[in-house]
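Reproduced below: coords.cif, with mmCIF, C-alpha atoms and all ligand atoms.
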data_target
loop_
_atom_site.label_atom_id
_atom_site.label_comp_id
_atom_site.auth_asym_id
_atom_site.auth_seq_id
_atom_site.Cartn_x
_atom_site.Cartn_y
_atom_site.Cartn_z
CA MET A 1193 1.56 -39.04 34.74
CA LYS A 1194 -0.50 -36.04 35.82
CA THR A 1195 1.58 -33.73 33.58
CA VAL A 1196 1.18 -36.05 30.60
CA LEU A 1197 -2.57 -36.10 31.10
CA LEU A 1198 -2.64 -32.33 31.33
CA ILE A 1199 -0.65 -31.97 28.10
CA VAL A 1200 -2.90 -34.43 26.28
CA ALA A 1201 -6.00 -32.67 27.58
CA SER A 1202 -4.75 -29.22 26.55
CA LEU A 1203 -3.71 -30.53 23.12
CA PHE A 1204 -7.17 -32.01 22.66
CA LEU A 1205 -8.83 -28.79 23.74
CA SER A 1206 -6.71 -26.60 21.49
CA CYS A 1207 -7.58 -28.79 18.49
CA ALA A 1208 -11.23 -29.17 19.37
CA LEU A 1209 -12.09 -25.55 20.15
CA PRO A 1210 -13.06 -23.50 17.14
CA ALA A 1211 -11.27 -20.15 16.88
CA GLN A 1212 -13.31 -17.41 18.49
CA LYS A 1213 -15.52 -15.45 16.11
CA GLN A 1214 -14.57 -11.80 15.75
CA THR A 1215 -17.51 -9.47 16.34
CA THR A 1216 -15.71 -6.11 16.39
CA PHE A 1217 -12.61 -4.46 14.95
CA ARG A 1218 -9.95 -3.91 17.61
CA PRO A 1219 -6.98 -1.97 16.25
CA ALA A 1220 -3.50 -2.57 17.65
CA THR A 1221 -4.25 -6.04 19.01
CA GLU A 1222 -3.67 -9.57 17.79
CA TRP A 1223 -6.09 -10.32 14.95
CA PRO A 1224 -6.70 -14.08 14.78
CA ASP A 1225 -7.75 -15.68 11.51
CA THR A 1226 -10.38 -18.45 11.47
CA GLU A 1227 -7.70 -20.88 12.71
CA GLY A 1228 -6.76 -18.62 15.60
CA LYS A 1229 -3.43 -17.45 14.10
CA HIS A 1230 -2.51 -13.77 13.86
CA ILE A 1231 -3.21 -12.57 10.30
CA ASN A 1232 0.00 -12.29 8.29
CA ALA A 1233 -0.93 -9.88 5.45
CA HIS A 1234 0.98 -6.65 6.02
CA GLY A 1235 1.14 -3.54 3.83
CA GLY A 1236 -1.95 -4.99 2.23
CA GLY A 1237 -4.96 -4.12 0.16
CA ILE A 1238 -8.41 -5.52 -0.48
CA LEU A 1239 -10.31 -6.64 -3.57
CA LYS A 1240 -14.02 -7.41 -3.47
CA LYS A 1241 -15.40 -10.03 -5.82
CA GLY A 1242 -19.12 -10.76 -5.43
CA LYS A 1243 -19.75 -10.97 -1.72
CA VAL A 1244 -16.21 -12.03 -0.88
CA TYR A 1245 -13.40 -9.76 0.25
CA TYR A 1246 -9.83 -10.81 -0.61
CA TRP A 1247 -7.10 -9.39 1.61
CA TYR A 1248 -3.63 -9.55 0.06
CA GLY A 1249 -0.55 -8.66 2.07
CA GLU A 1250 3.09 -9.33 2.84
CA ASN A 1251 3.54 -12.79 4.40
CA ARG A 1252 6.36 -11.84 6.75
CA PRO A 1253 8.74 -14.22 8.53
CA ASP A 1254 9.06 -14.07 12.32
CA ALA A 1255 12.53 -12.53 11.98
CA GLY A 1256 14.36 -10.65 9.24
CA GLY A 1257 13.17 -8.24 6.58
CA SER A 1258 13.26 -10.37 3.43
CA MET A 1259 10.71 -12.84 2.12
CA ASN A 1260 10.78 -16.61 2.21
CA THR A 1261 7.16 -17.31 1.29
CA GLY A 1262 5.46 -14.58 -0.76
CA ILE A 1263 2.17 -12.71 -0.75
CA SER A 1264 -0.68 -13.95 1.46
CA VAL A 1265 -4.35 -14.03 0.62
CA TYR A 1266 -7.19 -14.24 3.14
CA THR A 1267 -10.94 -14.23 2.43
CA SER A 1268 -13.91 -12.92 4.39
CA ARG A 1269 -17.54 -11.97 3.95
CA ASP A 1270 -17.78 -9.69 6.99
CA LEU A 1271 -14.29 -8.09 7.03
CA MET A 1272 -13.73 -9.30 10.61
CA ASN A 1273 -13.36 -13.07 10.24
CA TRP A 1274 -10.64 -14.01 7.76
CA GLU A 1275 -9.77 -17.43 6.41
CA ASN A 1276 -6.16 -18.02 5.43
CA ARG A 1277 -6.18 -19.10 1.76
CA GLY A 1278 -2.41 -19.51 1.64
CA ILE A 1279 0.19 -17.85 -0.57
CA ALA A 1280 -1.28 -16.10 -3.62
CA LEU A 1281 2.10 -15.27 -5.17
CA ALA A 1282 4.88 -17.57 -4.05
CA VAL A 1283 8.61 -16.84 -4.10
CA SER A 1284 10.39 -18.84 -6.80
CA SER A 1285 12.94 -21.59 -6.30
CA ASP A 1286 14.65 -20.48 -9.54
CA THR A 1287 17.87 -18.79 -8.40
CA LEU A 1288 17.66 -16.43 -11.39
CA SER A 1289 14.17 -15.23 -10.49
CA PRO A 1290 13.75 -11.67 -9.15
CA ILE A 1291 11.31 -13.14 -6.60
CA GLN A 1292 13.59 -15.82 -5.15
CA PRO A 1293 13.70 -16.18 -1.33
CA GLY A 1294 15.68 -13.28 0.13
CA CYS A 1295 14.00 -10.70 -2.10
CA ILE A 1296 11.64 -8.12 -0.58
CA MET A 1297 8.00 -7.96 -1.68
CA GLU A 1298 5.97 -5.16 -0.16
CA ARG A 1299 2.57 -3.46 -0.34
CA PRO A 1300 0.85 -5.79 -2.86
CA LYS A 1301 -2.38 -4.53 -4.43
CA VAL A 1302 -4.65 -6.62 -6.65
CA VAL A 1303 -7.16 -5.27 -9.17
CA TYR A 1304 -9.55 -7.04 -11.51
CA ASN A 1305 -9.38 -6.22 -15.19
CA LYS A 1306 -12.87 -6.42 -16.72
CA LYS A 1307 -11.52 -6.44 -20.30
CA THR A 1308 -9.11 -9.35 -19.88
CA GLY A 1309 -10.89 -11.16 -17.03
CA LYS A 1310 -7.54 -11.38 -15.20
CA TYR A 1311 -6.51 -10.46 -11.67
CA VAL A 1312 -3.44 -8.25 -11.73
CA MET A 1313 -1.09 -7.79 -8.78
CA LEU A 1314 1.42 -4.98 -8.49
CA PHE A 1315 3.88 -4.88 -5.60
CA HIS A 1316 7.09 -3.19 -4.51
CA LEU A 1317 10.00 -5.48 -5.40
CA GLU A 1318 13.54 -5.37 -4.09
CA LEU A 1319 16.12 -7.85 -5.32
CA LYS A 1320 17.92 -10.35 -3.08
CA GLY A 1321 21.04 -8.98 -1.43
CA GLN A 1322 20.49 -5.43 -2.65
CA GLY A 1323 18.62 -3.91 0.29
CA TYR A 1324 16.21 -1.31 -1.06
CA ALA A 1325 18.42 -0.27 -4.01
CA ALA A 1326 16.54 -1.90 -6.91
CA ALA A 1327 13.32 0.11 -6.27
CA GLN A 1328 11.22 -1.86 -8.76
CA VAL A 1329 7.57 -2.69 -9.23
CA GLY A 1330 6.61 -6.33 -9.73
CA PHE A 1331 3.71 -7.43 -11.96
CA ALA A 1332 1.88 -10.75 -11.52
CA VAL A 1333 -1.33 -12.13 -12.97
CA ALA A 1334 -3.92 -14.79 -12.09
CA ASP A 1335 -7.15 -16.26 -13.44
CA LYS A 1336 -8.71 -16.48 -10.01
CA PRO A 1337 -8.62 -13.97 -7.15
CA GLU A 1338 -7.08 -16.46 -4.72
CA GLY A 1339 -4.33 -17.17 -7.26
CA PRO A 1340 -1.96 -18.75 -7.94
CA PHE A 1341 -0.47 -15.55 -9.34
CA ARG A 1342 2.19 -15.89 -12.02
CA PHE A 1343 5.09 -13.45 -11.75
CA LEU A 1344 5.58 -11.57 -15.02
CA ARG A 1345 8.43 -9.11 -14.46
CA GLY A 1346 9.99 -6.47 -12.29
CA LEU A 1347 10.87 -3.06 -13.67
CA ARG A 1348 11.31 0.64 -13.06
CA PRO A 1349 8.43 2.57 -14.67
CA ASN A 1350 8.41 5.11 -17.44
CA ALA A 1351 11.94 4.91 -18.84
CA GLY A 1352 12.45 7.70 -21.37
CA GLN A 1353 9.25 9.50 -20.36
CA TRP A 1354 8.80 12.91 -18.78
CA PRO A 1355 5.78 13.89 -16.65
CA VAL A 1356 2.89 15.17 -18.77
CA ASP A 1357 3.00 18.54 -17.06
CA PHE A 1358 6.72 19.07 -17.84
CA SER A 1359 7.26 21.65 -20.59
CA GLN A 1360 10.29 21.52 -22.90
CA LYS A 1361 11.78 24.25 -20.73
CA ASP A 1362 11.30 22.10 -17.59
CA ILE A 1363 12.93 19.15 -19.35
CA ASP A 1364 15.91 21.24 -20.47
CA GLU A 1365 16.30 22.63 -16.97
CA ALA A 1366 16.18 19.15 -15.39
CA LEU A 1367 18.71 17.76 -17.86
CA ALA A 1368 21.06 20.67 -17.15
CA LEU A 1369 21.24 19.81 -13.41
CA ASP A 1370 24.69 18.39 -12.77
CA PRO A 1371 24.42 15.56 -10.15
CA ALA A 1372 28.06 16.14 -9.09
CA LYS A 1373 27.07 19.62 -7.89
CA TYR A 1374 24.42 18.17 -5.55
CA ALA A 1375 26.32 15.36 -3.85
CA ASN A 1376 25.44 16.91 -0.46
CA TRP A 1377 21.83 16.07 0.32
CA TRP A 1378 19.34 18.24 2.23
CA THR A 1379 20.92 21.63 1.43
CA PRO A 1380 18.50 24.33 0.13
CA GLU A 1381 20.17 24.10 -3.34
CA TRP A 1382 19.78 20.31 -3.37
CA ARG A 1383 16.10 20.59 -2.38
CA ASP A 1384 15.53 23.04 -5.20
CA ALA A 1385 17.30 20.72 -7.66
CA VAL A 1386 15.17 17.76 -6.50
CA LYS A 1387 11.99 19.75 -7.17
CA LYS A 1388 13.29 20.66 -10.62
CA GLY A 1389 13.92 16.98 -11.42
CA LEU A 1390 17.47 16.07 -10.38
CA PHE A 1391 16.57 12.39 -9.87
CA LEU A 1392 13.88 12.38 -12.53
CA ALA A 1393 16.54 13.29 -15.11
CA ARG A 1394 19.08 10.85 -13.62
CA ASP A 1395 16.61 7.96 -14.00
CA GLN A 1396 15.35 8.74 -17.50
CA LYS A 1397 17.36 5.90 -18.96
CA GLY A 1398 16.69 3.05 -16.52
CA GLY A 1399 13.19 4.09 -15.48
CA GLN A 1400 11.89 5.82 -12.39
CA MET A 1401 12.40 4.37 -8.91
CA SER A 1402 9.29 2.70 -7.50
CA ARG A 1403 8.95 1.79 -3.82
CA ASP A 1404 5.87 2.21 -1.54
CA MET A 1405 2.81 1.97 -3.76
CA THR A 1406 -0.86 1.48 -4.39
CA VAL A 1407 -3.05 0.84 -7.42
CA TYR A 1408 -6.27 2.73 -8.04
CA VAL A 1409 -8.97 1.89 -10.60
CA ASP A 1410 -11.16 4.85 -11.50
CA ASP A 1411 -14.87 4.64 -12.41
CA ASP A 1412 -14.04 4.43 -16.13
CA GLY A 1413 -11.89 1.33 -15.56
CA THR A 1414 -8.57 3.09 -16.08
CA ALA A 1415 -5.96 1.96 -13.55
CA TYR A 1416 -3.19 4.03 -12.01
CA HIS A 1417 -0.02 3.06 -10.17
CA LEU A 1418 0.88 5.56 -7.45
CA PHE A 1419 4.34 5.15 -5.96
CA SER A 1420 7.17 6.76 -4.02
CA SER A 1421 9.81 7.64 -6.57
CA GLU A 1422 12.94 9.77 -6.89
CA GLU A 1423 14.67 8.38 -3.74
CA ASN A 1424 11.32 8.43 -1.87
CA LEU A 1425 11.19 12.20 -2.28
CA THR A 1426 8.39 12.52 -4.83
CA LEU A 1427 5.24 10.54 -5.58
CA HIS A 1428 4.45 9.54 -9.18
CA LEU A 1429 0.95 8.77 -10.42
CA ALA A 1430 1.24 6.75 -13.63
CA GLU A 1431 -1.51 5.51 -15.95
CA LEU A 1432 -1.51 1.80 -16.76
CA THR A 1433 -2.35 0.29 -20.15
CA GLU A 1434 -5.80 -1.25 -20.75
CA ASP A 1435 -4.62 -4.70 -19.60
CA TYR A 1436 -3.04 -3.13 -16.45
CA LEU A 1437 0.26 -4.87 -17.28
CA ASP A 1438 2.28 -1.89 -18.51
CA TYR A 1439 2.44 1.91 -18.53
CA THR A 1440 0.97 4.27 -21.12
CA GLY A 1441 3.83 6.70 -20.42
CA LYS A 1442 1.42 9.30 -19.05
CA TYR A 1443 2.32 10.34 -15.51
CA ILE A 1444 2.55 13.25 -13.09
CA ARG A 1445 4.61 14.01 -10.01
CA ILE A 1446 2.83 14.74 -6.72
CA ALA A 1447 4.43 16.85 -3.97
CA PRO A 1448 7.96 17.03 -5.44
CA GLY A 1449 10.53 16.81 -2.65
CA GLY A 1450 7.75 16.19 -0.08
CA GLN A 1451 9.00 12.74 1.06
CA ASN A 1452 5.76 10.77 1.01
CA GLU A 1453 5.41 7.00 1.50
CA ALA A 1454 2.54 4.56 2.08
CA PRO A 1455 0.01 6.10 -0.37
CA ALA A 1456 -3.69 5.21 0.02
CA LEU A 1457 -6.10 6.75 -2.48
CA PHE A 1458 -9.90 6.94 -2.56
CA LYS A 1459 -12.68 8.90 -4.20
CA ARG A 1460 -15.75 10.35 -2.51
CA ASN A 1461 -18.37 12.65 -4.03
CA GLY A 1462 -16.16 13.38 -7.04
CA LYS A 1463 -13.07 14.32 -5.02
CA TYR A 1464 -9.90 12.25 -4.80
CA TRP A 1465 -8.32 11.93 -1.37
CA LEU A 1466 -4.82 10.70 -0.73
CA ILE A 1467 -3.42 9.72 2.67
CA THR A 1468 0.34 9.19 2.99
CA SER A 1469 3.05 9.02 5.63
CA GLY A 1470 6.43 10.66 5.96
CA CYS A 1471 9.62 8.63 5.50
CA THR A 1472 10.97 7.29 8.81
CA GLY A 1473 11.58 3.60 8.07
CA TRP A 1474 9.39 1.37 10.26
CA ALA A 1475 8.88 4.12 12.85
CA PRO A 1476 5.52 5.91 12.84
CA ASN A 1477 5.25 9.56 11.89
CA GLU A 1478 2.56 12.15 11.21
CA ALA A 1479 0.36 11.27 8.24
CA ARG A 1480 -0.33 13.70 5.43
CA MET A 1481 -3.39 14.21 3.27
CA PHE A 1482 -3.93 15.58 -0.23
CA VAL A 1483 -7.06 16.38 -2.23
CA ALA A 1484 -7.72 16.89 -5.94
CA ASP A 1485 -10.67 17.25 -8.31
CA SER A 1486 -8.86 15.21 -10.94
CA LEU A 1487 -6.24 12.49 -10.61
CA TRP A 1488 -4.06 14.62 -12.85
CA GLY A 1489 -4.11 17.36 -10.22
CA GLU A 1490 -3.73 19.89 -8.98
CA TRP A 1491 -3.12 18.07 -5.64
CA LYS A 1492 -3.47 20.30 -2.62
CA GLN A 1493 -1.84 19.30 0.66
CA LEU A 1494 -3.91 19.36 3.87
CA PRO A 1495 -3.09 18.53 7.50
CA THR A 1496 -3.18 14.94 8.76
CA PRO A 1497 -6.74 13.52 8.97
CA PHE A 1498 -5.89 11.85 12.32
CA VAL A 1499 -7.14 13.65 15.40
CA GLY A 1500 -6.78 13.22 19.16
CA GLU A 1501 -4.10 11.78 21.39
CA ASN A 1502 -1.08 10.38 19.50
CA ALA A 1503 -2.48 11.64 16.17
CA LYS A 1504 0.95 13.13 15.47
CA LYS A 1505 2.25 9.56 15.30
CA THR A 1506 -0.79 8.28 13.38
CA PHE A 1507 -1.71 6.14 16.43
CA ASN A 1508 1.62 4.31 15.84
CA GLY A 1509 0.45 3.17 12.39
CA GLN A 1510 1.11 3.83 8.71
CA SER A 1511 -1.41 3.90 5.86
CA THR A 1512 -1.70 1.09 3.35
CA PHE A 1513 -5.22 1.20 1.82
CA VAL A 1514 -8.65 2.80 2.05
CA LEU A 1515 -11.55 0.40 1.50
CA PRO A 1516 -14.93 1.74 0.37
CA TYR A 1517 -17.65 -0.19 2.23
CA LYS A 1518 -20.87 -0.60 0.20
CA ASN A 1519 -22.08 2.93 -0.34
CA LYS A 1520 -21.88 3.57 3.32
CA GLY A 1521 -18.42 4.64 4.23
CA PHE A 1522 -14.69 4.10 4.05
CA ILE A 1523 -12.30 2.08 6.17
CA PHE A 1524 -8.78 3.34 6.72
CA MET A 1525 -6.33 0.42 6.76
CA GLY A 1526 -2.87 0.80 8.24
CA ASP A 1527 -0.01 -1.22 9.70
CA ILE A 1528 1.56 -0.98 13.12
CA TRP A 1529 5.01 -2.28 12.29
CA LYS A 1530 7.00 -4.48 14.66
CA PRO A 1531 10.39 -4.43 12.91
CA LYS A 1532 11.98 -7.00 15.25
CA SER A 1533 9.39 -9.54 14.20
CA LEU A 1534 7.48 -8.26 11.19
CA SER A 1535 5.03 -11.18 11.19
CA THR A 1536 3.66 -9.89 14.51
CA SER A 1537 3.00 -6.39 13.12
CA GLN A 1538 -0.53 -5.31 13.98
CA TYR A 1539 -3.26 -3.56 12.04
CA LEU A 1540 -4.84 -0.16 12.38
CA TRP A 1541 -8.25 -0.27 10.72
CA LEU A 1542 -10.47 2.69 11.52
CA PRO A 1543 -13.70 4.15 10.14
CA ILE A 1544 -13.21 7.45 8.33
CA GLN A 1545 -15.53 10.27 9.36
CA PHE A 1546 -16.31 13.19 7.09
CA GLN A 1547 -16.74 16.82 8.04
CA GLU A 1548 -19.55 18.84 6.53
CA ASP A 1549 -17.29 20.09 3.73
CA GLY A 1550 -16.27 16.49 2.97
CA THR A 1551 -12.84 16.56 4.63
CA PRO A 1552 -11.89 13.16 6.14
CA THR A 1553 -11.21 12.94 9.88
CA ILE A 1554 -9.96 9.81 11.65
CA PRO A 1555 -10.29 9.64 15.44
CA TYR A 1556 -9.01 6.61 17.35
CA ARG A 1557 -11.37 3.85 18.47
CA GLU A 1558 -10.42 0.95 20.65
CA GLU A 1559 -13.26 -1.12 19.28
CA TRP A 1560 -15.79 -0.55 16.50
CA THR A 1561 -18.19 -2.26 14.12
CA LEU A 1562 -19.34 -1.66 10.56
CA LYS A 1563 -22.32 0.24 11.95
CA ASP A 1564 -19.88 2.99 12.92
CA LEU A 1565 -19.28 3.59 9.20
CA MET A 1566 -22.78 4.84 8.69
CA LYS A 1567 -22.59 7.54 11.36
C1 LIG A 1601 8.67 2.34 5.10
C2 LIG A 1601 7.75 1.70 4.13
O1 LIG A 1601 6.51 2.36 4.19
C3 LIG A 1601 7.58 0.22 4.45
O2 LIG A 1601 6.72 -0.36 3.52
C4 LIG A 1601 8.95 -0.41 4.42
O3 LIG A 1601 9.48 -0.30 3.13
C5 LIG A 1601 9.85 0.27 5.40
N1 LIG A 1601 9.94 1.68 5.08
C6 LIG A 1601 11.25 -0.32 5.42
O4 LIG A 1601 12.08 0.40 6.28
#

Let me see the structure of the file written as structure tokens.
Ligand code: DGJ
Amino acid sequence: MKTVLLIVASLFLSCALPAQKQTTFRPATEWPDTEGKHINAHGGGILKKGKVYYWYGENRPDAGGSMNTGISVYTSRDLMNWENRGIALAVSSDTLSPIQPGCIMERPKVVYNKKTGKYVMLFHLELKGQGYAAAQVGFAVADKPEGPFRFLRGLRPNAGQWPVDFSQKDIDEALALDPAKYANWWTPEWRDAVKKGLFLARDQKGGQMSRDMTVYVDDDGTAYHLFSSEENLTLHLAELTEDYLDYTGKYIRIAPGGQNEAPALFKRNGKYWLITSGCTGWAPNEARMFVADSLWGEWKQLPTPFVGENAKKTFNGQSTFVLPYKNKGFIFMGDIWKPKSLSTSQYLWLPIQFQEDGTPTIPYREEWTLKDLMK
């Protein structure tokens, strides 16, 4: 009897108590939403519409690496307290759909197109039963930021196109590379061939591979898709069409052969900054940083922006997005992956500091508030 009473009382209490309000950011901990459940929006990005922030991310199952729900959306006005608004882009029950349960949907990013009035989502798409072999980008569109998003198509970008900075000589050289000669990876000759466009030439017909990714909208409204291509060895920055639903064919390669994943791009005082990770699966590694005066380059590589203890492992996290906050500062957003149970993966949100010359620096903080952005 006593036990029954206790159970009833605890059930009552758990229903009656409102979830605790978040007053600080605490990286690498559980982050409860307004219902008290750990936020399930991994590899995510944020869109601001009016005073509301929309956080889109991978809705991961408790076990396994593939999707059975889709892309989550949460909303907030203060960036700390997030309400779960459900699934913005749902997997499809159509067994012919590229986004059927069992597919992989990663790193979704949503941007608003002022010309069409539509919300456009791009995400990394892998097809059911094919591991990470498909290496596609998925496009989806919605009339409202919370969705529902309608899946349009999955594809590999820029079929038949060469990077804008490739001369005819570069193209001829890339086409002359014989893949059979470079079957052994990681040799100095293979590395040289990769830089010259071994995989770029191989994928001319079917389009370029597209895995980890972000989308960036510049001040003039032009949008760019930045993604790990060429077997995750080289980043591509590709211009999107005016409606953000296709490619113009104009693109460049960044850090050929440099093995960058998890790109997060932002602009401050006229300079473009790019934070990436190396390629070690779910395991953390040392972040990288790049800077350029124009999106079209030249991109110069700099050391990791992370400083202090465990900076070499990016505080166990991996970049996903950089959020400008009013005109006051920038928030680095990362994931601390828990591959055995991806839904429990934690978040690494930290304020970015800037040195006198403008170079970003990211020290660790156990707890911080938005006021720390203004320092
Ligand atoms: C690293 C990527 O950054 C993640 O998004 C995910 O694709 C894992 N690899 C899978 O191993």

My list of candidates is A:Leu1427, A:Met1297, A:Met1401, A:Leu1392. Which is closest to ligand LIG 1601 (chain A) when distances are computed with all atoms listed in the file?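 Among A:Leu1427, A:Met1297, A:Met1401, A:Leu1392, it is A:Met1297 that comes nearest to ligand LIG 1601 (chain A).
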
Within 9 Å of ligand LIG 1601 (chain A), which residues of chain A show up? Give each one with its shortest atom-to-atom distance in Å (one decimal) and the two atoms involved, counting only C-alpha atoms and all ligand atoms, rows by chain then rising residue number, as CSV.
residue,atom,partner,partner_atom,distance
A:His1234,CA,A:LIG1601,O2,8.9
A:Gly1235,CA,A:LIG1601,O2,6.4
A:Gly1257,CA,A:LIG1601,C6,8.2
A:Ile1296,CA,A:LIG1601,O3,8.9
A:Glu1298,CA,A:LIG1601,O2,6.1
A:Arg1299,CA,A:LIG1601,O2,6.5
A:His1316,CA,A:LIG1601,O3,8.5
A:Tyr1324,CA,A:LIG1601,O3,8.0
A:Arg1403,CA,A:LIG1601,O3,7.3
A:Asp1404,CA,A:LIG1601,O2,5.7
A:Met1405,CA,A:LIG1601,O2,8.6
A:Glu1453,CA,A:LIG1601,O1,5.5
A:Ala1454,CA,A:LIG1601,O1,5.0
A:Pro1455,CA,A:LIG1601,O1,8.8
A:Ser1469,CA,A:LIG1601,O1,7.6
A:Gly1470,CA,A:LIG1601,O1,8.5
A:Cys1471,CA,A:LIG1601,C1,6.4
A:Thr1472,CA,A:LIG1601,C1,6.6
A:Gly1473,CA,A:LIG1601,O4,3.7
A:Trp1474,CA,A:LIG1601,O4,4.9
A:Ala1475,CA,A:LIG1601,C1,8.0
A:Gln1510,CA,A:LIG1601,O1,7.2
A:Ser1511,CA,A:LIG1601,O1,8.2
A:Thr1512,CA,A:LIG1601,O1,8.4
A:Trp1529,CA,A:LIG1601,C3,8.6
A:Pro1531,CA,A:LIG1601,O4,8.4

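In this comparison, which uses all atoms listed in the file, the residue of A:Tyr1408, A:Tyr1556, A:Trp1378, A:Tyr1464 approaching Leu1425 in chain A most closely is A:Trp1378.
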
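Residues in contact with Asp1564 in chain A at up to 9 Å, not including ones fewer than 4 positions away on its chain and judged by all atoms listed in the file, are Gly1521, Pro1543 and Trp1560 of chain A.
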
Could you give me, as JSON, numbers by chain, the residues that sit within 12 Å of (5.8, 16.5, -17.0) in the file's coordinates, counting all atoms listed in the file? {"A": [1350, 1352, 1353, 1354, 1355, 1356, 1357, 1358, 1359, 1360, 1361, 1362, 1363, 1364, 1366, 1388, 1389, 1392, 1393, 1428, 1429, 1430, 1441, 1442, 1443, 1444, 1445, 1446, 1448, 1488]}

Please provide the set of residues having any atom within 12 Å of Val1409 in chain A, restricted to only C-alpha atoms, with same-chain residues fewer than 3 positions apart removed, written as a list in words. Leu1239, Lys1301, Val1302, Val1303, Tyr1304, Asn1305, Lys1306, Val1312, Thr1406, Asp1412, Gly1413, Thr1414, Ala1415, Tyr1416, His1417, Leu1418, Ala1430, Glu1431, Leu1432, Thr1433, Glu1434, Asp1435, Tyr1436, Leu1457, Phe1458, Lys1459, Tyr1464 and Leu1487 of chain A

Kindly give the distance, in Å, that separates CA of Phe1315 in chain A and CA of Ala1332 in chain A, rounded to a single decimal.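 One can read the CA of Phe1315 in chain A to CA of Ala1332 in chain A distance as 8.6 Å.
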
Write out as a ChimeraX atom specification which residues come within 8 Å of Phe1522 in chain A when counting only C-alpha atoms, dropping same-chain ones fewer than 5 positions away. /A:1514-1517,1543-1544,1565

Return as AutoDock Vina command-line options the box centre and box size in Å, one decimal, for an axis-aligned box around all listed atoms of range 1391-1400 of chain A padded by 5 Å per side.
--center_x 15.5 --center_y 8.2 --center_z -14.4 --size_x 17.2 --size_y 20.2 --size_z 19.1

Interatomic distance between CA of Val1483 in chain A and CA of Asn1461 in chain A? 12.0 Å

Can you work out the spacing between CA of Lys1532 in chain A and CA of Thr1261 in chain A in Å, to one decimal? 18.0 Å

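Distance check against Gly1237 in chain A using all atoms listed in the file: of A:Pro1337, A:Pro1476, A:Pro1300, A:Gly1346, the minimum falls on A:Pro1300.
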
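Taking only C-alpha atoms into account, Thr1308 in chain A lies nearest to A:Val1333 out of the set A:Ala1375, A:Val1333, A:Val1244, A:Cys1295.
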
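For the residues A:Glu1548, A:Asp1286, A:Asp1527, A:Glu1338, ranking by smallest atom-to-atom distance to Thr1267 in chain A using all atoms listed in the file places A:Glu1338 first.
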
Given only C-alpha atoms as the basis, pick out the residue of A:Phe1513, A:Arg1383, A:Asp1438, A:Pro1253 nearest to Gln1451 in chain A.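 Result for the nearest residue to Gln1451 in chain A: A:Arg1383.
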
Quick one: residues within 12 Å of Leu1347 in chain A, all atoms listed in the file counted, chain neighbours fewer than 6 positions away excluded, as an MDAnalysis selection string? chainID A and resid 1290 1314:1319 1326:1331 1398:1403 1437:1439

Neighbours of Phe1482 in chain A within 7 Å (only C-alpha atoms; same-chain residues fewer than 6 positions away dropped), as a PyMOL selection string? chain A and resi 1465-1467+1491-1494
